[in-house]
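Below you'll find the structure, written out as structure tokens, and then a few comments.
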Amino acid sequence: MAVTSTAATDAGQDSTDPANGSDGRRASPAGRPSTIRDHAPDLVICLIFLVIAGWVTHGLWPDPGSRVLALNPEDQTLYEWFLANDARLLFGDVGLRTDRLNAPDGVNLMANTTVILLGVVFAPVTLLFGVPVTFAVLAGLCLAATAIAWYLLFTRTARLHRFAAALGAGLCGFAPAMVSQTNSHLHMTAQFMVPVIVWLVVRLVRAADPTGTADPTGTADPTGTVGPTGATGPDRRRIVTSGLGLGAAVTAQVFIGEEVVFLTALTLVVITLAYAAVNWPHVRRILPGAAAGMALAVGSASLVLAYPLWFQFAGPGSVPNGMFSPHYFSADLASWSAFSPLSVTGSDDSARLTTGPAEYNTFLGWPLIVVAVGCTAWLIRRPLVSACTIATVVMAALSLGPELVIDGVRTTISGPYALLLGVPVIDGALPMRFAVAAVPLIATVLAFAVDRALRASGRPVRLLVPGAVAVALATVFPAPLPTAERPPLPQFITGGHWRDCVEPGGVLVPVPLPTPQEPWPQRWAAAANAEFALPEGFFIGPYAADGRASMGTYKQATSALLAEVARTGAVPAIDDEDRQRAGADIDFWGASCVALADGTANGDSLRSALEQLLGPPTRSADAWTWKVR
């Protein structure tokens with residue numbers, strides 16, 4: 001999907017000299033095995049990324065079970081439940097639908113951002129240390145791993161200077177958009193597979209060129225060959241392995257976060273079209289081999305993804321539309337030059353320019369924009385930079401939504417996204433998240449500019465460009481994410497006393513029941529590794545009008561009554577009709593146990609209402625319980 005440039009000098013004067021390494025210094029003598037010392041700078045840079053990720057998320061430590069992300073605790077509760085449910089794969093509980101939430105209807109896991117692959121990989125951590133630890137680890141690790149993956153792509157594939165690669169990769173991993181999305185959107189921050197996808201595309205393009213000179217990064221192979229033998233002509237073996245690898249990488253990313261797959265694919269398509277417009281002879285040369293490799297990638301991925309995607313869009317619990325309005329989730333034009341409140345230079349004043357603290361996707365700040373424009377103008381004659389620039393403009397324009405919003409004022413000026421309204425699947429994307437895809441594009445241009453400057457002969461350029469980029473990036477350096485104390489779980493759950501009331505796999509009804517606005521009882525199930533099911537809850541399902549997407553489900557009569565008591569503290573007159581409804585709702589849920597934990601808001605009123613509905617309770621640790629089946 002990405003295409004090529006044969007200009008070996010694009011990466012700098014010395015990039016094609018096989019005696020020089022990626023940082024411009026002498027490489028190890030031919031044949032000498034690589035040592036840890038050779039890679040010490042790389043290890044240090046990767047360690048720095050891990051330290052920055054720890055700095056951003058340190059508020060969750062040292063006890064993740066007692067801390068919560070203060071800006072989005074609801075979504076954290078949801079993702080912890082997802083991770084706990086994902087871990088059940090180790091017990092053979094395999095399926096794309098789960099009955100452990102929204103009993104008895106269940107939840108379509110593919111229609112929700114369930115980060116299935118992350119949950120399965122980290123299942124041992126969840127089972128050994130608890131799901132809050134898994135969430136805290138992933139919150140930081142997704143940032144660091146994304147930065148490290150981009151660093152490896154820049155140094156190994158694009159052969160950029162280590163310092164240039166570190167600056168670009170740092171922006172990819174810790175841009176305001178990434179830090180903001182870390183507020184419980186793991187499916188958006190787990191982008192470490194994106195550089196792998198890009199690497200496989202580059203590998204495929206290089207293998208598809210019959211002359212052995214195609215290079216979409218603008219840094220030709222210093223040996224002048226494409227294959228291990230140095231023979232010219234398409235390298236069919238590498239085309240096949242690249243295509244199969246690309247299919248596998250895309251498949252893996254689908255089970256981590258489909259939205260990232262969509263944004264990546266769209267960005268690569270735009271880059272390809274833009275590159276073809278400025279460098280068609282090279283595109284034409286590699287087209288047959290690249291098309292064959294892409295067909296192999298699509299075919300192999302389709303074999304694995306055909307059923308999951310069918311299940312997502314047509315299976316039980318599927319939804320026909322996007323959950324969120326593109327008119328509401330549009331980026332404010334003024335937000336691009338503003339500083340994120342989650343950056344060290346930011347302030348809370350700019351928060352008014354977006355929908356919430358998890359969506360500071362466009363807040364790059366004016367210094368970074370000015371420097372990026374300057375670097376782009378300097379390198380604009382390079383085909384890759386031209387393609388990245390065009391793709392950045394497209395993604396930024398789409399982020400503005402169907403109608404432009406300028407400094408908080410919604411105008412009647414239509415944005416390019418208006419052309420996508422009504423297009424299936426695409427219409428479900430949040431416009432402002434297109435800005436997330438622009439971040440690696442900007443980072444790539446900055447990294448190439450710094451690399452070229454460091455290899456230049458003039459001392460002013462070697463100091464000015466890297467210095468300007470470093471200062472601009474410093475203005476968006478992330479601040480730690482705000483955290484708060486997490487209310488403790490009842491001993492009824494942590495001590496395993498729930499097993500006296502409901503068998504594993506049964507349905508427990510916490511009072512009040514979980515809702516999208518207050519999903520806290522889902523923490524009970526997450527702490528028990530989703531061994532019991534809950535009615536209702538926080539998820540995406542088809543419960544709006546005409547089976548369209550809804551957040552959560554409609555409430556049964558009994559859950560609505562209990563929710564009102566929890567809200568007001570007033571106990572209504574309860575009669576035989578209410579008791580009959582309660583019995584019918586319990587039968588509908590398939591519930592075995594109803595539980596009211598100590599410390600629940602208006603707990604005395606709730607207990608009084610439950611006693612009138614269900615009879616006298618049983619005391620179990622710090623909870624009142626009613627065995628109803």
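Identifiers in the structure tokens: chain A, B, ... in order shown; residue index from 1 per chain; ligand index from 1 in order shown.
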**Asked** Contacts of Tyr543 in chain A at 9 Å or less, counting only C-alpha atoms, minus same-chain residues fewer than 3 places along, as JSON, numbers by chain?
**Response** {"A": [319, 540, 546, 547, 548, 549, 550, 551, 552, 553, 554]}
Export, as a compact mmCIF listing (two decimals), in the first residue's frame, the selected residues with C-alpha atoms.
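Just written: again_34.txt:
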```
# COMPACT_ATOMS: atom_id res chain seq x y z
CA VAL A 319 -25.46 -3.19 16.13
CA ILE A 540 -22.71 -1.46 23.61
CA ASP A 546 -35.24 -0.13 15.75
CA GLY A 547 -32.41 -2.22 17.19
CA ARG A 548 -29.86 0.55 16.81
CA ALA A 549 -26.80 0.93 19.02
CA SER A 550 -27.29 1.84 22.64
CA MET A 551 -25.08 2.21 25.67
CA GLY A 552 -26.40 -0.45 28.01
CA THR A 553 -29.92 -1.86 27.91
CA TYR A 554 -33.37 -0.88 29.06
```
How close does each residue of range 388-469 of chain A get to range 138-157 of chain A, giving the shortest atom pair and distance in Å to one decimal for every residue with an atom at most 9 Å away, counting only C-alpha atoms, sorted by chain and residue number, as CSV?
```
residue,atom,partner,partner_atom,distance
A:Pro440,CA,A:Trp150,CA,8.6
A:Thr444,CA,A:Phe154,CA,8.2
A:Ala447,CA,A:Phe154,CA,8.0
A:Phe448,CA,A:Phe154,CA,8.9
```
Suppose we keep C-alpha atoms; can you now write the selection as a compact mmCIF listing (two decimals), in the first residue's frame?
```txt
# COMPACT_ATOMS: atom_id res chain seq x y z
CA PRO A 440 2.84 9.33 13.25
CA THR A 444 7.90 10.83 10.50
CA ALA A 447 12.39 12.45 12.34
CA PHE A 448 13.53 12.67 8.71
```
Which residues come within 12 Å of Ile116 in chain A, counting only C-alpha atoms, excluding same-chain residues fewer than 6 positions away, as a PDB file with all heavy atoms, in the first residue's frame?
```pdb
ATOM      1  N   TYR A  79     -13.211  -1.573  31.095  1.00  0.00           N
ATOM      2  CA  TYR A  79     -12.066  -2.290  30.537  1.00  0.00           C
ATOM      3  C   TYR A  79     -11.536  -3.341  31.506  1.00  0.00           C
ATOM      4  O   TYR A  79     -11.054  -4.399  31.063  1.00  0.00           O
ATOM      5  CB  TYR A  79     -10.959  -1.312  30.137  1.00  0.00           C
ATOM      6  CG  TYR A  79     -11.150  -0.802  28.740  1.00  0.00           C
ATOM      7  CD1 TYR A  79     -11.927   0.327  28.494  1.00  0.00           C
ATOM      8  CD2 TYR A  79     -10.606  -1.462  27.655  1.00  0.00           C
ATOM      9  CE1 TYR A  79     -12.136   0.788  27.210  1.00  0.00           C
ATOM     10  CE2 TYR A  79     -10.802  -1.015  26.359  1.00  0.00           C
ATOM     11  CZ  TYR A  79     -11.576   0.103  26.146  1.00  0.00           C
ATOM     12  OH  TYR A  79     -11.789   0.541  24.866  1.00  0.00           O
ATOM     13  N   GLU A  80     -11.610  -3.100  32.786  1.00  0.00           N
ATOM     14  CA  GLU A  80     -11.193  -4.125  33.743  1.00  0.00           C
ATOM     15  C   GLU A  80     -12.116  -5.334  33.650  1.00  0.00           C
ATOM     16  O   GLU A  80     -11.655  -6.478  33.756  1.00  0.00           O
ATOM     17  CB  GLU A  80     -11.159  -3.545  35.154  1.00  0.00           C
ATOM     18  CG  GLU A  80     -10.003  -2.581  35.365  1.00  0.00           C
ATOM     19  CD  GLU A  80      -9.915  -2.043  36.782  1.00  0.00           C
ATOM     20  OE1 GLU A  80     -10.828  -2.325  37.581  1.00  0.00           O
ATOM     21  OE2 GLU A  80      -8.944  -1.343  37.083  1.00  0.00           O
ATOM     22  N   TRP A  81     -13.398  -5.084  33.437  1.00  0.00           N
ATOM     23  CA  TRP A  81     -14.301  -6.230  33.267  1.00  0.00           C
ATOM     24  C   TRP A  81     -13.962  -6.968  31.974  1.00  0.00           C
ATOM     25  O   TRP A  81     -13.942  -8.207  31.943  1.00  0.00           O
ATOM     26  CB  TRP A  81     -15.761  -5.775  33.243  1.00  0.00           C
ATOM     27  CG  TRP A  81     -16.689  -6.948  33.241  1.00  0.00           C
ATOM     28  CD1 TRP A  81     -17.200  -7.604  34.321  1.00  0.00           C
ATOM     29  CD2 TRP A  81     -17.133  -7.674  32.083  1.00  0.00           C
ATOM     30  NE1 TRP A  81     -17.948  -8.687  33.917  1.00  0.00           N
ATOM     31  CE2 TRP A  81     -17.927  -8.753  32.553  1.00  0.00           C
ATOM     32  CE3 TRP A  81     -16.952  -7.521  30.729  1.00  0.00           C
ATOM     33  CZ2 TRP A  81     -18.532  -9.665  31.692  1.00  0.00           C
ATOM     34  CZ3 TRP A  81     -17.547  -8.427  29.860  1.00  0.00           C
ATOM     35  CH2 TRP A  81     -18.340  -9.476  30.339  1.00  0.00           C
ATOM     36  N   PHE A  82     -13.702  -6.229  30.883  1.00  0.00           N
ATOM     37  CA  PHE A  82     -13.303  -6.875  29.624  1.00  0.00           C
ATOM     38  C   PHE A  82     -12.070  -7.757  29.832  1.00  0.00           C
ATOM     39  O   PHE A  82     -12.017  -8.901  29.371  1.00  0.00           O
ATOM     40  CB  PHE A  82     -12.988  -5.819  28.560  1.00  0.00           C
ATOM     41  CG  PHE A  82     -14.196  -5.171  27.940  1.00  0.00           C
ATOM     42  CD1 PHE A  82     -14.103  -3.894  27.392  1.00  0.00           C
ATOM     43  CD2 PHE A  82     -15.416  -5.815  27.882  1.00  0.00           C
ATOM     44  CE1 PHE A  82     -15.201  -3.288  26.813  1.00  0.00           C
ATOM     45  CE2 PHE A  82     -16.527  -5.220  27.314  1.00  0.00           C
ATOM     46  CZ  PHE A  82     -16.415  -3.947  26.770  1.00  0.00           C
ATOM     47  N   LEU A  83     -11.050  -7.221  30.497  1.00  0.00           N
ATOM     48  CA  LEU A  83      -9.800  -7.967  30.696  1.00  0.00           C
ATOM     49  C   LEU A  83     -10.038  -9.218  31.535  1.00  0.00           C
ATOM     50  O   LEU A  83      -9.451 -10.274  31.280  1.00  0.00           O
ATOM     51  CB  LEU A  83      -8.760  -7.071  31.359  1.00  0.00           C
ATOM     52  CG  LEU A  83      -8.229  -5.918  30.491  1.00  0.00           C
ATOM     53  CD1 LEU A  83      -7.426  -4.937  31.333  1.00  0.00           C
ATOM     54  CD2 LEU A  83      -7.383  -6.454  29.336  1.00  0.00           C
ATOM     55  N   ALA A  84     -10.891  -9.103  32.563  1.00  0.00           N
ATOM     56  CA  ALA A  84     -11.205 -10.271  33.380  1.00  0.00           C
ATOM     57  C   ALA A  84     -11.940 -11.321  32.566  1.00  0.00           C
ATOM     58  O   ALA A  84     -11.658 -12.529  32.675  1.00  0.00           O
ATOM     59  CB  ALA A  84     -12.040  -9.851  34.589  1.00  0.00           C
ATOM     60  N   ASN A  85     -12.873 -10.890  31.733  1.00  0.00           N
ATOM     61  CA  ASN A  85     -13.612 -11.838  30.907  1.00  0.00           C
ATOM     62  C   ASN A  85     -12.711 -12.456  29.843  1.00  0.00           C
ATOM     63  O   ASN A  85     -12.817 -13.652  29.536  1.00  0.00           O
ATOM     64  CB  ASN A  85     -14.796 -11.134  30.250  1.00  0.00           C
ATOM     65  CG  ASN A  85     -15.710 -12.090  29.511  1.00  0.00           C
ATOM     66  OD1 ASN A  85     -16.425 -12.884  30.124  1.00  0.00           O
ATOM     67  ND2 ASN A  85     -15.696 -12.018  28.194  1.00  0.00           N
ATOM     68  N   ASP A  86     -11.792 -11.667  29.265  1.00  0.00           N
ATOM     69  CA  ASP A  86     -10.852 -12.200  28.274  1.00  0.00           C
ATOM     70  C   ASP A  86      -9.995 -13.315  28.867  1.00  0.00           C
ATOM     71  O   ASP A  86      -9.654 -14.282  28.172  1.00  0.00           O
ATOM     72  CB  ASP A  86      -9.933 -11.082  27.764  1.00  0.00           C
ATOM     73  CG  ASP A  86     -10.674 -10.008  26.979  1.00  0.00           C
ATOM     74  OD1 ASP A  86     -11.778 -10.294  26.489  1.00  0.00           O
ATOM     75  OD2 ASP A  86     -10.144  -8.885  26.891  1.00  0.00           O
ATOM     76  N   ALA A  87      -9.647 -13.167  30.148  1.00  0.00           N
ATOM     77  CA  ALA A  87      -8.775 -14.157  30.787  1.00  0.00           C
ATOM     78  C   ALA A  87      -9.438 -15.517  30.894  1.00  0.00           C
ATOM     79  O   ALA A  87      -8.759 -16.532  31.114  1.00  0.00           O
ATOM     80  CB  ALA A  87      -8.365 -13.669  32.180  1.00  0.00           C
ATOM     81  N   ARG A  88     -10.755 -15.561  30.735  1.00  0.00           N
ATOM     82  CA  ARG A  88     -11.465 -16.832  30.863  1.00  0.00           C
ATOM     83  C   ARG A  88     -11.138 -17.794  29.724  1.00  0.00           C
ATOM     84  O   ARG A  88     -11.461 -18.974  29.790  1.00  0.00           O
ATOM     85  CB  ARG A  88     -12.974 -16.589  30.929  1.00  0.00           C
ATOM     86  CG  ARG A  88     -13.404 -15.771  32.160  1.00  0.00           C
ATOM     87  CD  ARG A  88     -14.882 -15.918  32.441  1.00  0.00           C
ATOM     88  NE  ARG A  88     -15.225 -17.321  32.631  1.00  0.00           N
ATOM     89  CZ  ARG A  88     -14.972 -18.022  33.725  1.00  0.00           C
ATOM     90  NH1 ARG A  88     -14.342 -17.477  34.739  1.00  0.00           N
ATOM     91  NH2 ARG A  88     -15.335 -19.281  33.803  1.00  0.00           N
ATOM     92  N   LEU A  89     -10.471 -17.279  28.698  1.00  0.00           N
ATOM     93  CA  LEU A  89     -10.054 -18.161  27.611  1.00  0.00           C
ATOM     94  C   LEU A  89      -9.143 -19.269  28.133  1.00  0.00           C
ATOM     95  O   LEU A  89      -9.152 -20.392  27.615  1.00  0.00           O
ATOM     96  CB  LEU A  89      -9.320 -17.358  26.532  1.00  0.00           C
ATOM     97  CG  LEU A  89      -8.817 -18.155  25.329  1.00  0.00           C
ATOM     98  CD1 LEU A  89     -10.001 -18.660  24.504  1.00  0.00           C
ATOM     99  CD2 LEU A  89      -7.903 -17.317  24.454  1.00  0.00           C
ATOM    100  N   VAL A  94     -14.400 -19.963  25.503  1.00  0.00           N
ATOM    101  CA  VAL A  94     -14.047 -19.340  24.231  1.00  0.00           C
ATOM    102  C   VAL A  94     -15.323 -18.977  23.487  1.00  0.00           C
ATOM    103  O   VAL A  94     -16.243 -19.786  23.377  1.00  0.00           O
ATOM    104  CB  VAL A  94     -13.188 -20.286  23.366  1.00  0.00           C
ATOM    105  CG1 VAL A  94     -12.806 -19.603  22.063  1.00  0.00           C
ATOM    106  CG2 VAL A  94     -11.955 -20.734  24.129  1.00  0.00           C
ATOM    107  N   GLY A  95     -15.389 -17.781  22.982  1.00  0.00           N
ATOM    108  CA  GLY A  95     -16.542 -17.367  22.190  1.00  0.00           C
ATOM    109  C   GLY A  95     -16.500 -15.881  21.927  1.00  0.00           C
ATOM    110  O   GLY A  95     -15.800 -15.134  22.612  1.00  0.00           O
ATOM    111  N   LEU A  96     -17.247 -15.438  20.935  1.00  0.00           N
ATOM    112  CA  LEU A  96     -17.334 -14.031  20.600  1.00  0.00           C
ATOM    113  C   LEU A  96     -18.537 -13.367  21.244  1.00  0.00           C
ATOM    114  O   LEU A  96     -18.790 -12.190  21.034  1.00  0.00           O
ATOM    115  CB  LEU A  96     -17.391 -13.864  19.075  1.00  0.00           C
ATOM    116  CG  LEU A  96     -16.186 -14.435  18.320  1.00  0.00           C
ATOM    117  CD1 LEU A  96     -16.374 -14.271  16.822  1.00  0.00           C
ATOM    118  CD2 LEU A  96     -14.899 -13.756  18.782  1.00  0.00           C
ATOM    119  N   ARG A  97     -19.276 -14.128  22.009  1.00  0.00           N
ATOM    120  CA  ARG A  97     -20.385 -13.602  22.798  1.00  0.00           C
ATOM    121  C   ARG A  97     -20.218 -14.113  24.213  1.00  0.00           C
ATOM    122  O   ARG A  97     -19.807 -15.246  24.438  1.00  0.00           O
ATOM    123  CB  ARG A  97     -21.729 -14.072  22.232  1.00  0.00           C
ATOM    124  CG  ARG A  97     -22.941 -13.707  23.083  1.00  0.00           C
ATOM    125  CD  ARG A  97     -24.209 -14.379  22.562  1.00  0.00           C
ATOM    126  NE  ARG A  97     -25.326 -14.196  23.469  1.00  0.00           N
ATOM    127  CZ  ARG A  97     -25.572 -14.974  24.520  1.00  0.00           C
ATOM    128  NH1 ARG A  97     -24.753 -16.012  24.785  1.00  0.00           N
ATOM    129  NH2 ARG A  97     -26.603 -14.761  25.300  1.00  0.00           N
ATOM    130  N   LEU A 109     -19.027  -9.490  21.940  1.00  0.00           N
ATOM    131  CA  LEU A 109     -17.696  -8.975  22.258  1.00  0.00           C
ATOM    132  C   LEU A 109     -17.068  -8.242  21.083  1.00  0.00           C
ATOM    133  O   LEU A 109     -16.289  -7.304  21.269  1.00  0.00           O
ATOM    134  CB  LEU A 109     -16.788 -10.119  22.707  1.00  0.00           C
ATOM    135  CG  LEU A 109     -17.198 -10.825  24.005  1.00  0.00           C
ATOM    136  CD1 LEU A 109     -16.260 -11.984  24.295  1.00  0.00           C
ATOM    137  CD2 LEU A 109     -17.225  -9.850  25.171  1.00  0.00           C
ATOM    138  N   MET A 110     -17.356  -8.655  19.860  1.00  0.00           N
ATOM    139  CA  MET A 110     -16.780  -7.998  18.698  1.00  0.00           C
ATOM    140  C   MET A 110     -17.392  -6.619  18.473  1.00  0.00           C
ATOM    141  O   MET A 110     -16.768  -5.755  17.844  1.00  0.00           O
ATOM    142  CB  MET A 110     -16.963  -8.862  17.446  1.00  0.00           C
ATOM    143  CG  MET A 110     -16.145 -10.135  17.434  1.00  0.00           C
ATOM    144  SD  MET A 110     -14.366  -9.850  17.512  1.00  0.00           S
ATOM    145  CE  MET A 110     -14.072  -8.971  15.972  1.00  0.00           C
ATOM    146  N   PHE A 122      -2.296 -11.249  28.702  1.00  0.00           N
ATOM    147  CA  PHE A 122      -2.025 -10.864  30.079  1.00  0.00           C
ATOM    148  C   PHE A 122      -2.918 -11.588  31.079  1.00  0.00           C
ATOM    149  O   PHE A 122      -2.990 -11.197  32.247  1.00  0.00           O
ATOM    150  CB  PHE A 122      -2.177  -9.346  30.245  1.00  0.00           C
ATOM    151  CG  PHE A 122      -0.999  -8.578  29.716  1.00  0.00           C
ATOM    152  CD1 PHE A 122      -0.906  -8.262  28.370  1.00  0.00           C
ATOM    153  CD2 PHE A 122       0.033  -8.193  30.554  1.00  0.00           C
ATOM    154  CE1 PHE A 122       0.177  -7.573  27.866  1.00  0.00           C
ATOM    155  CE2 PHE A 122       1.125  -7.502  30.076  1.00  0.00           C
ATOM    156  CZ  PHE A 122       1.208  -7.191  28.730  1.00  0.00           C
ATOM    157  N   ALA A 123      -3.569 -12.654  30.637  1.00  0.00           N
ATOM    158  CA  ALA A 123      -4.416 -13.436  31.539  1.00  0.00           C
ATOM    159  C   ALA A 123      -3.657 -13.944  32.763  1.00  0.00           C
ATOM    160  O   ALA A 123      -4.191 -13.906  33.883  1.00  0.00           O
ATOM    161  CB  ALA A 123      -5.059 -14.592  30.782  1.00  0.00           C
ATOM    162  N   LEU A 186      -7.777   1.645  26.109  1.00  0.00           N
ATOM    163  CA  LEU A 186      -6.650   0.780  25.758  1.00  0.00           C
ATOM    164  C   LEU A 186      -6.659   0.402  24.290  1.00  0.00           C
ATOM    165  O   LEU A 186      -5.597   0.200  23.686  1.00  0.00           O
ATOM    166  CB  LEU A 186      -6.680  -0.494  26.620  1.00  0.00           C
ATOM    167  CG  LEU A 186      -6.500  -0.314  28.131  1.00  0.00           C
ATOM    168  CD1 LEU A 186      -6.550  -1.676  28.817  1.00  0.00           C
ATOM    169  CD2 LEU A 186      -5.192   0.393  28.448  1.00  0.00           C
ATOM    170  N   HIS A 187      -7.835   0.295  23.701  1.00  0.00           N
ATOM    171  CA  HIS A 187      -7.899  -0.102  22.287  1.00  0.00           C
ATOM    172  C   HIS A 187      -7.312   0.963  21.379  1.00  0.00           C
ATOM    173  O   HIS A 187      -6.926   0.666  20.248  1.00  0.00           O
ATOM    174  CB  HIS A 187      -9.353  -0.388  21.893  1.00  0.00           C
ATOM    175  CG  HIS A 187     -10.212   0.839  21.800  1.00  0.00           C
ATOM    176  ND1 HIS A 187     -10.522   1.621  22.895  1.00  0.00           N
ATOM    177  CD2 HIS A 187     -10.840   1.439  20.738  1.00  0.00           C
ATOM    178  CE1 HIS A 187     -11.295   2.631  22.521  1.00  0.00           C
ATOM    179  NE2 HIS A 187     -11.500   2.538  21.222  1.00  0.00           N
ATOM    180  N   ALA A 190      -2.982   1.005  22.266  1.00  0.00           N
ATOM    181  CA  ALA A 190      -2.216  -0.192  21.900  1.00  0.00           C
ATOM    182  C   ALA A 190      -1.924  -0.151  20.402  1.00  0.00           C
ATOM    183  O   ALA A 190      -2.526  -0.866  19.605  1.00  0.00           O
ATOM    184  CB  ALA A 190      -2.979  -1.454  22.274  1.00  0.00           C
ATOM    185  N   THR A 251      -4.615  -9.065  11.455  1.00  0.00           N
ATOM    186  CA  THR A 251      -5.527  -9.901  12.237  1.00  0.00           C
ATOM    187  C   THR A 251      -5.309  -9.687  13.729  1.00  0.00           C
ATOM    188  O   THR A 251      -6.273  -9.544  14.503  1.00  0.00           O
ATOM    189  CB  THR A 251      -5.311 -11.385  11.892  1.00  0.00           C
ATOM    190  OG1 THR A 251      -5.596 -11.588  10.496  1.00  0.00           O
ATOM    191  CG2 THR A 251      -6.211 -12.272  12.726  1.00  0.00           C
ATOM    192  N   ALA A 252      -4.051  -9.653  14.144  1.00  0.00           N
ATOM    193  CA  ALA A 252      -3.753  -9.421  15.558  1.00  0.00           C
ATOM    194  C   ALA A 252      -4.288  -8.071  16.011  1.00  0.00           C
ATOM    195  O   ALA A 252      -4.889  -7.955  17.094  1.00  0.00           O
ATOM    196  CB  ALA A 252      -2.249  -9.513  15.803  1.00  0.00           C
ATOM    197  N   GLN A 253      -4.106  -7.035  15.190  1.00  0.00           N
ATOM    198  CA  GLN A 253      -4.564  -5.707  15.576  1.00  0.00           C
ATOM    199  C   GLN A 253      -6.091  -5.632  15.652  1.00  0.00           C
ATOM    200  O   GLN A 253      -6.638  -4.892  16.474  1.00  0.00           O
ATOM    201  CB  GLN A 253      -4.028  -4.663  14.602  1.00  0.00           C
ATOM    202  CG  GLN A 253      -4.378  -3.228  14.959  1.00  0.00           C
ATOM    203  CD  GLN A 253      -3.814  -2.797  16.299  1.00  0.00           C
ATOM    204  OE1 GLN A 253      -2.623  -2.906  16.544  1.00  0.00           O
ATOM    205  NE2 GLN A 253      -4.676  -2.313  17.175  1.00  0.00           N
ATOM    206  N   VAL A 254      -6.781  -6.399  14.817  1.00  0.00           N
ATOM    207  CA  VAL A 254      -8.246  -6.425  14.890  1.00  0.00           C
ATOM    208  C   VAL A 254      -8.703  -6.880  16.265  1.00  0.00           C
ATOM    209  O   VAL A 254      -9.662  -6.334  16.836  1.00  0.00           O
ATOM    210  CB  VAL A 254      -8.832  -7.336  13.790  1.00  0.00           C
ATOM    211  CG1 VAL A 254     -10.299  -7.664  14.073  1.00  0.00           C
ATOM    212  CG2 VAL A 254      -8.691  -6.681  12.429  1.00  0.00           C
ATOM    213  N   PHE A 255      -8.005  -7.863  16.837  1.00  0.00           N
ATOM    214  CA  PHE A 255      -8.392  -8.376  18.153  1.00  0.00           C
ATOM    215  C   PHE A 255      -7.798  -7.553  19.292  1.00  0.00           C
ATOM    216  O   PHE A 255      -7.986  -7.889  20.465  1.00  0.00           O
ATOM    217  CB  PHE A 255      -7.989  -9.846  18.282  1.00  0.00           C
ATOM    218  CG  PHE A 255      -8.822 -10.763  17.425  1.00  0.00           C
ATOM    219  CD1 PHE A 255      -8.298 -11.344  16.286  1.00  0.00           C
ATOM    220  CD2 PHE A 255     -10.146 -11.007  17.738  1.00  0.00           C
ATOM    221  CE1 PHE A 255      -9.063 -12.174  15.488  1.00  0.00           C
ATOM    222  CE2 PHE A 255     -10.935 -11.834  16.941  1.00  0.00           C
ATOM    223  CZ  PHE A 255     -10.393 -12.422  15.815  1.00  0.00           C
ATOM    224  N   ILE A 256      -7.074  -6.485  18.944  1.00  0.00           N
ATOM    225  CA  ILE A 256      -6.633  -5.517  19.949  1.00  0.00           C
ATOM    226  C   ILE A 256      -7.505  -4.266  19.879  1.00  0.00           C
ATOM    227  O   ILE A 256      -8.012  -3.792  20.890  1.00  0.00           O
ATOM    228  CB  ILE A 256      -5.149  -5.140  19.734  1.00  0.00           C
ATOM    229  CG1 ILE A 256      -4.258  -6.351  19.951  1.00  0.00           C
ATOM    230  CG2 ILE A 256      -4.738  -4.018  20.689  1.00  0.00           C
ATOM    231  CD1 ILE A 256      -2.797  -6.101  19.619  1.00  0.00           C
ATOM    232  N   GLY A 257      -7.649  -3.729  18.681  1.00  0.00           N
ATOM    233  CA  GLY A 257      -8.457  -2.530  18.500  1.00  0.00           C
ATOM    234  C   GLY A 257      -8.745  -2.290  17.038  1.00  0.00           C
ATOM    235  O   GLY A 257      -7.848  -1.929  16.276  1.00  0.00           O
ATOM    236  N   GLU A 258      -9.969  -2.505  16.615  1.00  0.00           N
ATOM    237  CA  GLU A 258     -10.332  -2.364  15.204  1.00  0.00           C
ATOM    238  C   GLU A 258     -10.249  -0.925  14.726  1.00  0.00           C
ATOM    239  O   GLU A 258      -9.970  -0.667  13.555  1.00  0.00           O
ATOM    240  CB  GLU A 258     -11.750  -2.891  14.981  1.00  0.00           C
ATOM    241  CG  GLU A 258     -11.880  -4.387  15.009  1.00  0.00           C
ATOM    242  CD  GLU A 258     -13.295  -4.814  14.702  1.00  0.00           C
ATOM    243  OE1 GLU A 258     -13.645  -4.904  13.505  1.00  0.00           O
ATOM    244  OE2 GLU A 258     -14.060  -5.071  15.648  1.00  0.00           O
ATOM    245  N   PRO A 308     -15.448 -13.744  12.624  1.00  0.00           N
ATOM    246  CA  PRO A 308     -15.553 -12.698  13.652  1.00  0.00           C
ATOM    247  C   PRO A 308     -16.209 -11.420  13.145  1.00  0.00           C
ATOM    248  O   PRO A 308     -17.014 -10.807  13.856  1.00  0.00           O
ATOM    249  CB  PRO A 308     -14.095 -12.465  14.060  1.00  0.00           C
ATOM    250  CG  PRO A 308     -13.423 -13.760  13.798  1.00  0.00           C
ATOM    251  CD  PRO A 308     -14.070 -14.284  12.557  1.00  0.00           C
TER     252      PRO A 308
END
```
**Prompt:** Counting only C-alpha atoms, what is within 8 Å of range 286-298 of chain A, bar same-chain residues fewer than 6 positions away, as a PyMOL selection string?
**Reply:** chain A and resi 1+3+204-205+207-210+214+234+239-240+242-248
**Item:** Residue among A:Thr625, A:Ser350, A:Ser457, A:Ser180 lying closest to Trp336 in chain A, counting only C-alpha atoms
**Value:**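 Ranking A:Thr625, A:Ser350, A:Ser457, A:Ser180 by distance to Trp336 in chain A, first place goes to A:Ser350.
Nearest to Pro480 in chain A of all the residues A:Pro341, A:Pro617, A:Gly365, A:Gly106 is A:Pro341, based on only C-alpha atoms.
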**strand (DSSP E) residues, from DSSP on the backbone, in range 388-535 of chain A, as a ChimeraX atom specification** = /A:403-406,409-414,483-485,507-510
